[in-house]
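Let me begin by presenting the structure, written as structure tokens, before commenting on it.
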Amino acid sequence: MVDILHRVGVKNATPQEVYDVLTTVDGLAGWWTEDTKGDGGVGGVVEFRFPVGGFDMEVTELRPSEKVAWKVVDGPEEWVGTTVDWDLRQEGDYTIVLFKHGGWREPVEFMHHCSTKWATFLMSLKSLVETGEGEPAPRDVPISDWH
């Protein structure tokens, strides 16, 4: 198994402010994809749709200001069964976001693409919390024909 790992600091934001954009439909739609709906509570499923496909995430764990965890229950074959974890902590003027998309069976080319896209969307999350404006799909940065 292989994982995608990223770390980003969100300046002048509390862990709770970052947690809020990871656990509400409006927050998620503000940085990942405008086409977001569902139930962000534990056991709920959040549906994310993009111009080129989509993912359904079951919310498996919520700890306010500390952690958000999802399991991919529908989407591309490579994603189904993987997990997405967000660990949050305060460090000086920053909330540190430790991101992990774990459990990939092998590091296929699609994983490379997804790692880059996750990085662009993490910067969108950072921008949303810091400035009030993210770059969710379909306004995200395209990186290839896969978008």
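Following the order of the structure tokens, first chain is A, next is B, and so on, with residues numbered from 1 inside each chain and ligands from 1 in the order they appear.
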
Polymer residues at most 8 Å from A:Val68, only C-alpha atoms, same-chain spacing of 6 or more positions, as a list of chain:residue names:
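Residues near the query, excluding close chain neighbours: A:Tyr19, A:Leu22, A:Thr23, A:Val59, A:Thr60, A:Glu61, A:Leu62, A:Asp85, A:Trp86, A:Asp87.
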
Same residues, N, CA and C atoms, output as a JSON list (two decimals), in the first residue's frame:
```
[["chain", "number", "residue", "atom", "x", "y", "z"],
["A", 19, "TYR", "N", -11.29, 23.03, 10.25],
["A", 19, "TYR", "CA", -12.21, 21.92, 10.46],
["A", 19, "TYR", "C", -13.58, 22.23, 9.83],
["A", 22, "LEU", "N", -13.81, 21.64, 6.22],
["A", 22, "LEU", "CA", -13.67, 20.22, 5.89],
["A", 22, "LEU", "C", -14.92, 19.41, 6.25],
["A", 23, "THR", "N", -15.86, 20.01, 6.97],
["A", 23, "THR", "CA", -16.98, 19.23, 7.49],
["A", 23, "THR", "C", -18.35, 19.78, 7.12],
["A", 59, "VAL", "N", -18.02, 9.58, 5.90],
["A", 59, "VAL", "CA", -17.34, 10.23, 7.02],
["A", 59, "VAL", "C", -17.17, 9.18, 8.13],
["A", 60, "THR", "N", -15.92, 8.87, 8.47],
["A", 60, "THR", "CA", -15.65, 7.82, 9.46],
["A", 60, "THR", "C", -15.22, 8.34, 10.82],
["A", 61, "GLU", "N", -14.72, 9.57, 10.87],
["A", 61, "GLU", "CA", -14.29, 10.11, 12.16],
["A", 61, "GLU", "C", -14.30, 11.63, 12.11],
["A", 62, "LEU", "N", -14.78, 12.24, 13.18],
["A", 62, "LEU", "CA", -14.74, 13.69, 13.35],
["A", 62, "LEU", "C", -14.33, 14.01, 14.78],
["A", 85, "ASP", "N", -7.45, 11.35, 5.31],
["A", 85, "ASP", "CA", -7.35, 11.83, 6.69],
["A", 85, "ASP", "C", -6.78, 13.25, 6.71],
["A", 86, "TRP", "N", -7.36, 14.05, 7.56],
["A", 86, "TRP", "CA", -6.94, 15.43, 7.79],
["A", 86, "TRP", "C", -6.64, 15.57, 9.27],
["A", 87, "ASP", "N", -5.39, 15.77, 9.64],
["A", 87, "ASP", "CA", -5.03, 16.01, 11.03],
["A", 87, "ASP", "C", -4.66, 17.48, 11.16]]
```

Near-A:Asp20 list (9 Å; only C-alpha atoms; drop same-chain fewer than 6 positions) as number ranges by chain
A: 27-28, 64-65

Could you save the residues just selected, with C-alpha atoms, as an mmCIF file, in the first residue's frame?
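Wrote part_11.cif, looks like this:
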```
data_model
loop_
_atom_site.group_PDB
_atom_site.id
_atom_site.type_symbol
_atom_site.label_atom_id
_atom_site.label_comp_id
_atom_site.auth_asym_id
_atom_site.auth_seq_id
_atom_site.Cartn_x
_atom_site.Cartn_y
_atom_site.Cartn_z
ATOM 1 C CA GLY A 27 -17.045 24.759 3.159
ATOM 2 C CA LEU A 28 -16.141 21.789 0.946
ATOM 3 C CA PRO A 64 -13.519 19.090 16.228
ATOM 4 C CA SER A 65 -10.357 21.151 15.669
#
```

Env of A:Val46: 8 Å cut, atoms = only C-alpha atoms, seq-sep filter 4 positions within chain, self excluded. Answer as a ChimeraX atom specification.
/A:25,36-40,56-59

Go ahead and write the residues just picked, C-alpha atoms, as a compact mmCIF listing (two decimals), in the first residue's frame.
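New file out_9.txt:
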```
# COMPACT_ATOMS: atom_id res chain seq x y z
CA VAL A 25 -21.07 21.16 2.42
CA THR A 36 -20.83 18.99 -3.36
CA LYS A 37 -23.77 17.59 -1.42
CA GLY A 38 -24.56 15.10 1.29
CA ASP A 39 -24.25 14.52 5.01
CA GLY A 40 -20.97 15.56 6.66
CA ASP A 56 -18.45 9.51 -2.61
CA MET A 57 -16.84 9.72 0.82
CA GLU A 58 -18.21 8.14 3.98
CA VAL A 59 -17.34 10.23 7.02
```

In Å, how far is it from atom CA of A:Arg7 to atom CA of A:Trp70?
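Straight-line distance from atom CA of A:Arg7 to atom CA of A:Trp70 works out to 17.6 Å.
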
Which parts of chain A does DSSP call strand (DSSP E or B) when run on the backbone here, written out as number ranges by chain?
A: 2-11, 33, 35-38, 45-50, 53-63, 67-74, 83-91, 94-104, 137

Ranking A:Val52, A:Val84, A:Val42, A:Ile4 by minimum distance to A:Asp145 and counting only C-alpha atoms, which one comes first?
A:Val52

Among listed residues A:Gly92, A:Pro107, A:Pro138, A:Pro76, nearest A:Thr14 (using only C-alpha atoms):
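Looking only at the distances to A:Thr14, the closest residue turns out to be A:Gly92.
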
Would you list the contacts of A:Glu133 as a PyMOL selection string, taking every protein, DNA or RNA residue within 12 Å and counting only C-alpha atoms, but skipping same-chain residues closer than 6 positions in sequence?
chain A and resi 21+27+29-32+123-127+139-140

Restricting it to N, CA and C atoms, dump the selection as a PDB file, in the first residue's frame.
```pdb
ATOM      1  N   VAL A  21     -14.355  24.066   7.251  1.00  0.00           N
ATOM      2  CA  VAL A  21     -14.403  23.965   5.781  1.00  0.00           C
ATOM      3  C   VAL A  21     -14.196  22.528   5.305  1.00  0.00           C
ATOM      4  N   GLY A  27     -18.500  24.653   3.053  1.00  0.00           N
ATOM      5  CA  GLY A  27     -17.045  24.759   3.159  1.00  0.00           C
ATOM      6  C   GLY A  27     -16.339  23.928   2.106  1.00  0.00           C
ATOM      7  N   ALA A  29     -17.523  22.865  -0.735  1.00  0.00           N
ATOM      8  CA  ALA A  29     -17.809  23.430  -2.065  1.00  0.00           C
ATOM      9  C   ALA A  29     -16.997  24.695  -2.323  1.00  0.00           C
ATOM     10  N   GLY A  30     -16.490  25.307  -1.274  1.00  0.00           N
ATOM     11  CA  GLY A  30     -15.711  26.528  -1.425  1.00  0.00           C
ATOM     12  C   GLY A  30     -14.264  26.311  -1.805  1.00  0.00           C
ATOM     13  N   TRP A  31     -13.770  25.060  -1.672  1.00  0.00           N
ATOM     14  CA  TRP A  31     -12.363  24.825  -2.022  1.00  0.00           C
ATOM     15  C   TRP A  31     -12.139  23.591  -2.892  1.00  0.00           C
ATOM     16  N   TRP A  32     -13.046  22.581  -2.872  1.00  0.00           N
ATOM     17  CA  TRP A  32     -12.763  21.353  -3.637  1.00  0.00           C
ATOM     18  C   TRP A  32     -13.581  21.276  -4.909  1.00  0.00           C
ATOM     19  N   MET A 123      -4.061  24.041  -1.653  1.00  0.00           N
ATOM     20  CA  MET A 123      -3.799  25.475  -1.768  1.00  0.00           C
ATOM     21  C   MET A 123      -5.107  26.255  -1.901  1.00  0.00           C
ATOM     22  N   SER A 124      -6.106  25.651  -2.545  1.00  0.00           N
ATOM     23  CA  SER A 124      -7.423  26.265  -2.620  1.00  0.00           C
ATOM     24  C   SER A 124      -8.052  26.359  -1.231  1.00  0.00           C
ATOM     25  N   LEU A 125      -7.924  25.306  -0.432  1.00  0.00           N
ATOM     26  CA  LEU A 125      -8.421  25.318   0.944  1.00  0.00           C
ATOM     27  C   LEU A 125      -7.734  26.430   1.738  1.00  0.00           C
ATOM     28  N   LYS A 126      -6.419  26.505   1.617  1.00  0.00           N
ATOM     29  CA  LYS A 126      -5.638  27.541   2.300  1.00  0.00           C
ATOM     30  C   LYS A 126      -6.147  28.924   1.905  1.00  0.00           C
ATOM     31  N   SER A 127      -6.340  29.134   0.609  1.00  0.00           N
ATOM     32  CA  SER A 127      -6.820  30.417   0.119  1.00  0.00           C
ATOM     33  C   SER A 127      -8.222  30.733   0.643  1.00  0.00           C
ATOM     34  N   ARG A 139     -13.345  25.749 -11.305  1.00  0.00           N
ATOM     35  CA  ARG A 139     -12.434  26.893 -11.444  1.00  0.00           C
ATOM     36  C   ARG A 139     -11.023  26.561 -11.005  1.00  0.00           C
ATOM     37  N   ASP A 140     -10.716  25.258 -10.831  1.00  0.00           N
ATOM     38  CA  ASP A 140      -9.410  24.830 -10.341  1.00  0.00           C
ATOM     39  C   ASP A 140      -8.362  24.896 -11.449  1.00  0.00           C
TER      40      ASP A 140
END
```

What's the separation between atom CA of A:Asp26 and atom CA of A:Thr120, in Å to one decimal place?
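According to the coordinates, atom CA of A:Asp26 and atom CA of A:Thr120 are separated by 18.8 Å.
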
Excluding A:Glu91 and residues on its chain fewer than 6 positions from it, collect all residues at most 10 Å away from it, counting only C-alpha atoms, and give them as a PDB file with N, CA and C atoms, in the first residue's frame.
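The resulting result_28.pdb:
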```
ATOM      1  N   GLY A   9       0.352  24.871   5.840  1.00  0.00           N
ATOM      2  CA  GLY A   9       0.001  25.746   6.949  1.00  0.00           C
ATOM      3  C   GLY A   9      -0.985  26.797   6.494  1.00  0.00           C
ATOM      4  N   VAL A  10      -2.027  26.995   7.288  1.00  0.00           N
ATOM      5  CA  VAL A  10      -3.037  28.007   6.992  1.00  0.00           C
ATOM      6  C   VAL A  10      -2.836  29.139   7.995  1.00  0.00           C
ATOM      7  N   LYS A  11      -2.431  30.305   7.485  1.00  0.00           N
ATOM      8  CA  LYS A  11      -2.016  31.425   8.344  1.00  0.00           C
ATOM      9  C   LYS A  11      -3.229  32.130   8.962  1.00  0.00           C
ATOM     10  N   THR A  14      -7.654  29.325  13.002  1.00  0.00           N
ATOM     11  CA  THR A  14      -7.676  28.323  14.069  1.00  0.00           C
ATOM     12  C   THR A  14      -7.932  26.949  13.460  1.00  0.00           C
ATOM     13  N   PRO A  15      -7.541  25.895  14.159  1.00  0.00           N
ATOM     14  CA  PRO A  15      -7.890  24.558  13.684  1.00  0.00           C
ATOM     15  C   PRO A  15      -9.401  24.396  13.483  1.00  0.00           C
TER      16      PRO A  15
END
```

So the first atom is atom CA of A:Arg63 and the second is atom CA of A:Trp79; what is the distance between them in Å, to one decimal place?
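Between atom CA of A:Arg63 and atom CA of A:Trp79 the gap is 23.7 Å.
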